[in-house]
$ cat structure.cif   # mmCIF, C-alpha atoms
data_work
#
loop_
_atom_site.label_atom_id
_atom_site.label_comp_id
_atom_site.auth_asym_id
_atom_site.auth_seq_id
_atom_site.Cartn_x
_atom_site.Cartn_y
_atom_site.Cartn_z
CA PHE A 182 2.13 125.56 -117.19
CA PRO A 183 -0.11 122.73 -118.45
CA ARG A 184 -2.57 121.20 -116.03
CA PRO A 185 -1.48 117.93 -114.44
CA MET A 186 -2.83 114.83 -116.16
CA LYS A 187 -4.58 111.97 -114.43
CA PRO A 188 -1.99 109.51 -113.09
CA THR A 189 -2.95 106.76 -115.54
CA LEU A 190 -2.19 108.90 -118.57
CA ALA A 191 0.68 110.78 -117.01
CA VAL A 192 2.63 107.60 -116.44
CA LEU A 193 1.86 105.93 -119.77
CA PHE A 194 1.94 108.96 -122.04
CA GLY A 195 5.13 110.25 -120.46
CA LEU A 196 6.90 107.16 -121.78
CA THR A 197 6.11 107.80 -125.43
CA ALA A 198 8.82 110.32 -126.19
CA LEU A 199 9.64 109.08 -129.67
CA GLY A 200 12.56 111.47 -129.76
CA ALA A 201 14.10 109.44 -126.95
CA LEU A 202 14.40 106.28 -129.04
CA ALA A 203 17.80 104.73 -128.81
CA LEU A 204 18.76 104.43 -132.48
CA PRO A 205 22.27 103.66 -133.69
CA LEU A 206 23.44 106.81 -135.43
CA SER A 207 26.92 108.17 -135.98
CA ALA A 208 27.86 110.98 -133.61
CA ALA A 209 29.69 113.23 -136.07
CA PRO A 210 28.53 114.33 -139.53
CA GLN A 211 30.47 112.81 -142.39
CA ALA A 212 31.65 114.57 -145.54
CA GLU A 213 28.97 114.48 -148.20
CA THR A 214 29.95 112.65 -151.39
CA PRO A 215 28.12 114.06 -154.42
CA LEU A 216 25.07 111.98 -155.38
CA ASP A 217 26.37 111.21 -158.87
CA GLN A 218 29.38 109.45 -157.31
CA LEU A 219 27.26 107.12 -155.15
CA THR A 220 26.00 103.67 -156.00
CA PRO A 221 22.20 103.16 -155.96
CA THR A 222 22.54 101.37 -152.61
CA GLU A 223 24.53 104.25 -151.13
CA ARG A 224 21.94 106.76 -152.40
CA LEU A 225 19.17 104.78 -150.73
CA GLU A 226 21.13 104.51 -147.46
CA ARG A 227 21.64 108.29 -147.43
CA ARG A 228 17.84 108.75 -147.49
CA ILE A 229 17.45 106.70 -144.30
CA THR A 230 17.27 109.57 -141.83
CA PRO A 231 16.60 109.38 -138.08
CA GLU A 232 12.96 110.25 -138.84
CA VAL A 233 12.68 107.30 -141.23
CA LEU A 234 14.15 105.01 -138.56
CA VAL A 235 11.64 106.25 -135.98
CA CYS A 236 8.74 105.68 -138.36
CA ARG A 237 9.96 102.19 -139.20
CA ALA A 238 10.29 101.32 -135.52
CA ALA A 239 6.85 102.73 -134.65
CA THR A 240 4.82 101.36 -137.59
CA PRO A 241 3.81 98.06 -135.92
CA ALA A 242 2.31 100.06 -133.03
CA VAL A 243 0.33 102.60 -135.07
CA VAL A 244 -3.42 102.00 -135.13
CA PHE A 245 -6.27 103.41 -137.17
CA MET A 246 -9.56 103.82 -135.34
CA GLU A 247 -13.12 104.41 -136.39
CA THR A 248 -15.85 105.43 -133.98
CA ASN A 249 -19.62 105.68 -133.97
CA THR A 250 -21.00 108.45 -131.81
CA PRO A 251 -24.76 108.88 -131.37
CA ARG A 252 -25.89 112.50 -131.66
CA THR A 253 -29.31 114.02 -131.14
CA TYR A 254 -30.29 116.92 -133.38
CA ARG A 255 -33.20 119.35 -133.61
CA ASP A 256 -34.39 120.46 -136.99
CA PHE A 257 -35.86 123.83 -137.95
CA TRP A 258 -39.34 122.78 -136.78
CA GLY A 259 -38.13 121.60 -133.36
CA ARG A 260 -38.32 117.87 -134.12
CA THR A 261 -35.53 115.77 -132.59
CA PHE A 262 -33.82 112.90 -134.30
CA SER A 263 -30.79 110.73 -133.62
CA GLN A 264 -27.98 110.00 -135.96
CA ASN A 265 -24.73 108.05 -135.72
CA ASN A 266 -21.73 110.20 -136.51
CA LYS A 267 -18.64 108.39 -137.68
CA SER A 268 -15.18 109.71 -137.07
CA SER A 269 -11.69 108.34 -137.41
CA GLY A 270 -8.24 108.93 -136.03
CA SER A 271 -5.01 107.24 -135.10
CA GLY A 272 -3.15 106.21 -132.00
CA VAL A 273 -0.20 104.14 -130.85
CA VAL A 274 0.03 100.99 -128.79
CA LEU A 275 2.03 101.57 -125.61
CA THR A 276 2.04 98.07 -124.11
CA GLY A 277 1.91 94.62 -125.64
CA ASP A 278 -1.40 93.84 -123.94
CA GLY A 279 -3.14 96.60 -125.91
CA PHE A 280 -3.12 99.96 -124.11
CA VAL A 281 -3.45 102.68 -126.76
CA VAL A 282 -3.01 106.45 -126.48
CA THR A 283 -4.96 108.71 -128.85
CA ASN A 284 -6.64 112.10 -129.02
CA TYR A 285 -9.68 112.54 -126.80
CA HIS A 286 -11.69 114.39 -129.47
CA VAL A 287 -11.58 111.24 -131.63
CA VAL A 288 -13.22 109.01 -128.99
CA LYS A 289 -15.34 111.55 -127.04
CA ASP A 290 -18.83 110.08 -126.45
CA ALA A 291 -18.11 107.20 -128.84
CA LYS A 292 -20.53 104.30 -128.62
CA ASP A 293 -18.09 101.84 -130.17
CA ILE A 294 -14.45 102.08 -131.20
CA ARG A 295 -12.87 99.82 -133.80
CA ILE A 296 -9.09 99.53 -133.99
CA SER A 297 -7.07 98.20 -136.90
CA PHE A 298 -3.41 97.93 -137.79
CA GLU A 299 -1.71 98.14 -141.17
CA LYS A 300 -3.00 95.07 -143.07
CA SER A 301 0.50 93.63 -143.52
CA ILE A 302 0.88 93.61 -139.71
CA ASP A 303 -2.55 92.38 -138.59
CA GLU A 304 -5.78 92.12 -140.58
CA THR A 305 -8.02 91.77 -137.52
CA VAL A 306 -10.36 94.60 -136.55
CA TYR A 307 -10.50 94.94 -132.76
CA VAL A 308 -12.90 96.68 -130.40
CA ALA A 309 -11.49 99.08 -127.79
CA ASP A 310 -12.78 100.73 -124.63
CA VAL A 311 -11.94 104.17 -123.24
CA LEU A 312 -10.23 103.79 -119.85
CA SER A 313 -9.20 107.35 -119.07
CA PHE A 314 -9.10 110.77 -120.68
CA VAL A 315 -7.95 114.32 -120.10
CA PRO A 316 -10.04 116.68 -122.25
CA GLU A 317 -7.79 119.68 -121.48
CA GLU A 318 -4.82 117.82 -122.94
CA ASP A 319 -6.89 116.13 -125.71
CA LEU A 320 -5.59 112.72 -124.61
CA ALA A 321 -7.34 109.41 -124.12
CA LEU A 322 -6.17 105.99 -122.99
CA LEU A 323 -7.87 102.99 -124.58
CA LYS A 324 -7.63 99.25 -124.05
CA ILE A 325 -8.01 96.89 -126.99
CA ARG A 326 -10.32 93.96 -126.23
CA ASN A 327 -8.09 90.99 -126.77
CA PRO A 328 -9.79 87.68 -125.95
CA GLU A 329 -6.98 85.69 -127.60
CA ASP A 330 -4.30 87.40 -125.46
CA LYS A 331 -2.38 88.47 -128.54
CA ILE A 332 0.79 90.50 -127.95
CA PHE A 333 0.68 93.74 -129.95
CA GLY A 334 3.62 95.66 -131.37
CA THR A 335 4.52 98.68 -129.26
CA VAL A 336 6.32 101.98 -129.68
CA PRO A 337 9.96 101.43 -128.71
CA MET A 338 10.65 103.20 -125.44
CA ALA A 339 13.91 104.59 -124.23
CA PRO A 340 14.76 103.57 -120.66
CA THR A 341 15.13 107.22 -119.64
CA SER A 342 15.04 110.66 -121.17
CA SER A 343 17.82 111.93 -118.90
CA ASP A 344 20.50 111.08 -121.47
CA LEU A 345 19.09 113.37 -124.18
CA MET A 346 21.40 116.12 -125.36
CA ILE A 347 20.29 119.76 -125.41
CA GLY A 348 18.70 120.44 -128.78
CA GLU A 349 18.35 116.76 -129.64
CA PRO A 350 14.93 116.01 -131.18
#

$ encode --input "structure.cif" --output "C-alpha cells"
Amino acid sequence: FPRPMKPTLAVLFGLTALGALALPLSAAPQAETPLDQLTPTERLERRITPEVLVCRAATPAVVFMETNTPRTYRDFWGRTFSQNNKSSGSGVVLTGDGFVVTNYHVVKDAKDIRISFEKSIDETVYVADVLSFVPEEDLALLKIRNPEDKIFGTVPMAPTSSDLMIGEP
C-alpha cells in the first residue's frame, strides 16, 4: 500500500481524478458508418474521443514551469563552485486562486519557480512558491503568487468518484 500523503496534498490531489470528469457521452456504442460515407464534419466529430474532450477541458489549467536550483559541485582538484541548474516541468491548477499540483522532482530545492500558461490563455509569467510536498509520492503543491487576484482556469472536478462504473477510465 502507498504511504499516506500529507493532508494538504491528500485532499487536493485526491480531487484531480480526470477520469471522473462528467462529460456528455452516449451510453451505448453506435454502428460505425464507413468513413467514405461521412461528410467532413462527421469525420471530424468521430475523432472527438473522450480523451480529446478531457484534454480540451483541462487545457486552461495546464501550466509549464521553469525552475532555477542552485547546486554546489566539486571538481577533480577539490575546488567547489556553484551553478544554477535549470529544469522544467508541468502541472495543473486545482483552484481558481492558484494552487498547482506538480511533480516534486521538478521543484525540489528550487530557488525560484516561474509558471506560465499556453500563450493564447494567459501571456503572463507568474512566480510560485512550494507549499507542501511528499517526496515518496513525487508530488508537490504550489501556490501561484497572484497580486492582482486573477482567477485561473482549473481542472474540471467531478462532485464524487462514487458514480464511476467498474472498468471506466

$ residues_around --input "structure.cif" --residues "stretch 321-334 of chain A" --least-positions-apart "6" --cutoff "6 Å" --atoms "all atoms listed in the file" --output "NGL selection string"
:A and (241-242 or 277-285 or 308-314)

$ atom_distance --input "structure.cif" --atom1 "atom CA of A:Pro231" --atom2 "atom CA of A:Ile347"
16.8 Å

$ closest_residue --input "structure.cif" --among "A:Arg228, A:Arg237, A:Arg255, A:Arg260" --to "A:Pro337" --atoms "only C-alpha atoms"
A:Arg237

$ resolve_selection --input "structure.cif" --expression "the PyMOL selection byres ((chain A and resi 297-306) around 8)" --output "list in words"
Pro241, Ala242, Val243, Val244, Phe245, Met246, Arg295, Ile296, Tyr307 and Val308 of chain A

$ atom_distance --input "structure.cif" --atom1 "atom CA of A:Pro251" --atom2 "atom CA of A:Gly270"
17.2 Å

$ atom_distance --input "structure.cif" --atom1 "atom CA of A:Thr214" --atom2 "atom CA of A:Arg227"
10.2 Å

$ residues_around --input "structure.cif" --residues "A:Val287" --least-positions-apart "3" --cutoff "10 Å" --atoms "only C-alpha atoms" --output "PyMOL selection string"
chain A and resi 246-248+250+267-272+283-284+290-291+294+319-321

$ write_last_selection --input "structure.cif" --atoms "C-alpha atoms" --output "PDB file, keeping the file's coordinate frame"
ATOM      1  CA  MET A 246      -9.560 103.820-135.340  1.00  0.00           C
ATOM      2  CA  GLU A 247     -13.120 104.410-136.390  1.00  0.00           C
ATOM      3  CA  THR A 248     -15.850 105.430-133.980  1.00  0.00           C
ATOM      4  CA  THR A 250     -21.000 108.450-131.810  1.00  0.00           C
ATOM      5  CA  LYS A 267     -18.640 108.390-137.680  1.00  0.00           C
ATOM      6  CA  SER A 268     -15.180 109.710-137.070  1.00  0.00           C
ATOM      7  CA  SER A 269     -11.690 108.340-137.410  1.00  0.00           C
ATOM      8  CA  GLY A 270      -8.240 108.930-136.030  1.00  0.00           C
ATOM      9  CA  SER A 271      -5.010 107.240-135.100  1.00  0.00           C
ATOM     10  CA  GLY A 272      -3.150 106.210-132.000  1.00  0.00           C
ATOM     11  CA  THR A 283      -4.960 108.710-128.850  1.00  0.00           C
ATOM     12  CA  ASN A 284      -6.640 112.100-129.020  1.00  0.00           C
ATOM     13  CA  ASP A 290     -18.830 110.080-126.450  1.00  0.00           C
ATOM     14  CA  ALA A 291     -18.110 107.200-128.840  1.00  0.00           C
ATOM     15  CA  ILE A 294     -14.450 102.080-131.200  1.00  0.00           C
ATOM     16  CA  ASP A 319      -6.890 116.130-125.710  1.00  0.00           C
ATOM     17  CA  LEU A 320      -5.590 112.720-124.610  1.00  0.00           C
ATOM     18  CA  ALA A 321      -7.340 109.410-124.120  1.00  0.00           C
TER      19      ALA A 321
END

$ resolve_selection --input "structure.cif" --expression "the PyMOL selection byres ((chain A and resi 263) around 9)" --output "list in words"
Pro251, Arg252, Thr253, Tyr254, Arg255, Thr261, Phe262, Gln264 and Asn265 of chain A

$ axis_aligned_box --input "structure.cif" --around "stretch 327-330 of chain A" --padding-each-side "4 Å" --output "AutoDock Vina command-line options"
--center_x -7.0 --center_y 88.3 --center_z -126.5 --size_x 13.5 --size_y 13.3 --size_z 10.1

$ decode --input "structure.cif" --residues "stretch 315-348 of chain A" --atoms "N, CA, C and O atoms" --output "mmCIF file, in the first residue's frame"
data_model
loop_
_atom_site.group_PDB
_atom_site.id
_atom_site.type_symbol
_atom_site.label_atom_id
_atom_site.label_comp_id
_atom_site.auth_asym_id
_atom_site.auth_seq_id
_atom_site.Cartn_x
_atom_site.Cartn_y
_atom_site.Cartn_z
ATOM 1 N N VAL A 315 5.466 15.685 -0.972
ATOM 2 C CA VAL A 315 5.587 14.315 -0.491
ATOM 3 C C VAL A 315 6.588 13.632 -1.425
ATOM 4 O O VAL A 315 6.217 13.152 -2.501
ATOM 5 N N PRO A 316 7.872 13.605 -1.026
ATOM 6 C CA PRO A 316 8.881 13.038 -1.924
ATOM 7 C C PRO A 316 8.591 11.587 -2.315
ATOM 8 O O PRO A 316 8.824 11.198 -3.461
ATOM 9 N N GLU A 317 8.065 10.786 -1.382
ATOM 10 C CA GLU A 317 7.783 9.376 -1.672
ATOM 11 C C GLU A 317 6.741 9.207 -2.775
ATOM 12 O O GLU A 317 6.714 8.201 -3.465
ATOM 13 N N GLU A 318 5.867 10.174 -2.916
ATOM 14 C CA GLU A 318 4.828 10.122 -3.947
ATOM 15 C C GLU A 318 5.174 10.997 -5.146
ATOM 16 O O GLU A 318 4.415 11.067 -6.109
ATOM 17 N N ASP A 319 6.316 11.705 -5.072
ATOM 18 C CA ASP A 319 6.769 12.631 -6.117
ATOM 19 C C ASP A 319 5.703 13.683 -6.430
ATOM 20 O O ASP A 319 5.429 14.000 -7.574
ATOM 21 N N LEU A 320 5.095 14.229 -5.376
ATOM 22 C CA LEU A 320 4.060 15.250 -5.519
ATOM 23 C C LEU A 320 4.454 16.518 -4.785
ATOM 24 O O LEU A 320 5.080 16.466 -3.730
ATOM 25 N N ALA A 321 4.048 17.645 -5.359
ATOM 26 C CA ALA A 321 4.270 18.924 -4.693
ATOM 27 C C ALA A 321 3.054 19.809 -4.936
ATOM 28 O O ALA A 321 2.413 19.747 -5.991
ATOM 29 N N LEU A 322 2.747 20.628 -3.940
ATOM 30 C CA LEU A 322 1.667 21.597 -4.034
ATOM 31 C C LEU A 322 2.293 22.980 -4.044
ATOM 32 O O LEU A 322 3.069 23.328 -3.144
ATOM 33 N N LEU A 323 1.967 23.767 -5.070
ATOM 34 C CA LEU A 323 2.491 25.110 -5.221
ATOM 35 C C LEU A 323 1.359 26.116 -5.131
ATOM 36 O O LEU A 323 0.190 25.770 -5.317
ATOM 37 N N LYS A 324 1.726 27.366 -4.878
ATOM 38 C CA LYS A 324 0.749 28.464 -4.905
ATOM 39 C C LYS A 324 1.316 29.546 -5.801
ATOM 40 O O LYS A 324 2.448 30.012 -5.607
ATOM 41 N N ILE A 325 0.564 29.924 -6.806
ATOM 42 C CA ILE A 325 0.977 30.994 -7.709
ATOM 43 C C ILE A 325 0.817 32.321 -6.976
ATOM 44 O O ILE A 325 -0.229 32.594 -6.394
ATOM 45 N N ARG A 326 1.879 33.135 -6.990
ATOM 46 C CA ARG A 326 1.760 34.500 -6.461
ATOM 47 C C ARG A 326 0.871 35.274 -7.422
ATOM 48 O O ARG A 326 1.131 35.330 -8.621
ATOM 49 N N ASN A 327 -0.142 35.903 -6.862
ATOM 50 C CA ASN A 327 -1.189 36.477 -7.686
ATOM 51 C C ASN A 327 -1.633 37.816 -7.095
ATOM 52 O O ASN A 327 -2.728 37.923 -6.555
ATOM 53 N N PRO A 328 -0.785 38.841 -7.187
ATOM 54 C CA PRO A 328 -1.120 40.115 -6.553
ATOM 55 C C PRO A 328 -2.372 40.787 -7.124
ATOM 56 O O PRO A 328 -3.002 41.591 -6.454
ATOM 57 N N GLU A 329 -2.739 40.443 -8.345
ATOM 58 C CA GLU A 329 -3.923 41.052 -8.964
ATOM 59 C C GLU A 329 -5.192 40.248 -8.691
ATOM 60 O O GLU A 329 -6.254 40.569 -9.225
ATOM 61 N N ASP A 330 -5.102 39.190 -7.884
ATOM 62 C CA ASP A 330 -6.242 38.339 -7.563
ATOM 63 C C ASP A 330 -6.965 37.807 -8.802
ATOM 64 O O ASP A 330 -8.184 37.718 -8.846
ATOM 65 N N LYS A 331 -6.200 37.443 -9.791
ATOM 66 C CA LYS A 331 -6.753 36.857 -11.003
ATOM 67 C C LYS A 331 -7.330 35.482 -10.680
ATOM 68 O O LYS A 331 -6.816 34.760 -9.837
ATOM 69 N N ILE A 332 -8.395 35.103 -11.357
ATOM 70 C CA ILE A 332 -8.978 33.771 -11.217
ATOM 71 C C ILE A 332 -8.429 32.919 -12.363
ATOM 72 O O ILE A 332 -8.584 33.255 -13.532
ATOM 73 N N PHE A 333 -7.772 31.815 -12.009
ATOM 74 C CA PHE A 333 -7.161 30.943 -13.001
ATOM 75 C C PHE A 333 -8.121 29.838 -13.410
ATOM 76 O O PHE A 333 -8.980 29.422 -12.636
ATOM 77 N N GLY A 334 -7.938 29.343 -14.635
ATOM 78 C CA GLY A 334 -8.695 28.178 -15.088
ATOM 79 C C GLY A 334 -8.281 26.961 -14.273
ATOM 80 O O GLY A 334 -7.125 26.842 -13.869
ATOM 81 N N THR A 335 -9.213 26.075 -14.018
ATOM 82 C CA THR A 335 -8.936 24.897 -13.194
ATOM 83 C C THR A 335 -9.336 23.623 -13.931
ATOM 84 O O THR A 335 -10.100 23.653 -14.894
ATOM 85 N N VAL A 336 -8.813 22.511 -13.443
ATOM 86 C CA VAL A 336 -9.207 21.213 -13.962
ATOM 87 C C VAL A 336 -10.644 20.954 -13.513
ATOM 88 O O VAL A 336 -10.949 21.072 -12.326
ATOM 89 N N PRO A 337 -11.540 20.621 -14.439
ATOM 90 C CA PRO A 337 -12.915 20.323 -14.020
ATOM 91 C C PRO A 337 -12.933 19.123 -13.075
ATOM 92 O O PRO A 337 -12.276 18.118 -13.325
ATOM 93 N N MET A 338 -13.651 19.276 -11.995
ATOM 94 C CA MET A 338 -13.727 18.204 -10.999
ATOM 95 C C MET A 338 -15.121 17.593 -10.994
ATOM 96 O O MET A 338 -16.110 18.302 -11.116
ATOM 97 N N ALA A 339 -15.157 16.297 -10.839
ATOM 98 C CA ALA A 339 -16.435 15.636 -10.654
ATOM 99 C C ALA A 339 -16.820 15.784 -9.191
ATOM 100 O O ALA A 339 -15.946 15.841 -8.325
ATOM 101 N N PRO A 340 -18.109 15.876 -8.880
ATOM 102 C CA PRO A 340 -18.501 16.031 -7.483
ATOM 103 C C PRO A 340 -18.115 14.830 -6.633
ATOM 104 O O PRO A 340 -17.802 14.967 -5.466
ATOM 105 N N THR A 341 -18.099 13.643 -7.225
ATOM 106 C CA THR A 341 -17.738 12.443 -6.475
ATOM 107 C C THR A 341 -17.245 11.376 -7.445
ATOM 108 O O THR A 341 -17.625 11.373 -8.611
ATOM 109 N N SER A 342 -16.420 10.481 -6.951
ATOM 110 C CA SER A 342 -15.988 9.378 -7.806
ATOM 111 C C SER A 342 -16.821 8.130 -7.555
ATOM 112 O O SER A 342 -16.602 7.092 -8.169
ATOM 113 N N SER A 343 -17.795 8.208 -6.668
ATOM 114 C CA SER A 343 -18.587 7.028 -6.314
ATOM 115 C C SER A 343 -19.508 6.567 -7.444
ATOM 116 O O SER A 343 -20.001 5.454 -7.404
ATOM 117 N N ASP A 344 -19.731 7.420 -8.458
ATOM 118 C CA ASP A 344 -20.625 7.018 -9.536
ATOM 119 C C ASP A 344 -19.868 6.434 -10.730
ATOM 120 O O ASP A 344 -20.484 6.134 -11.745
ATOM 121 N N LEU A 345 -18.557 6.208 -10.598
ATOM 122 C CA LEU A 345 -17.808 5.594 -11.692
ATOM 123 C C LEU A 345 -18.195 4.121 -11.839
ATOM 124 O O LEU A 345 -18.433 3.436 -10.855
ATOM 125 N N MET A 346 -18.239 3.678 -13.081
ATOM 126 C CA MET A 346 -18.542 2.274 -13.349
ATOM 127 C C MET A 346 -17.247 1.451 -13.293
ATOM 128 O O MET A 346 -16.173 1.968 -13.585
ATOM 129 N N ILE A 347 -17.346 0.188 -12.963
ATOM 130 C CA ILE A 347 -16.190 -0.693 -12.971
ATOM 131 C C ILE A 347 -15.617 -0.736 -14.382
ATOM 132 O O ILE A 347 -16.348 -0.933 -15.349
ATOM 133 N N GLY A 348 -14.317 -0.509 -14.486
ATOM 134 C CA GLY A 348 -13.639 -0.515 -15.771
ATOM 135 C C GLY A 348 -13.673 0.805 -16.504
ATOM 136 O O GLY A 348 -13.031 0.957 -17.547
#
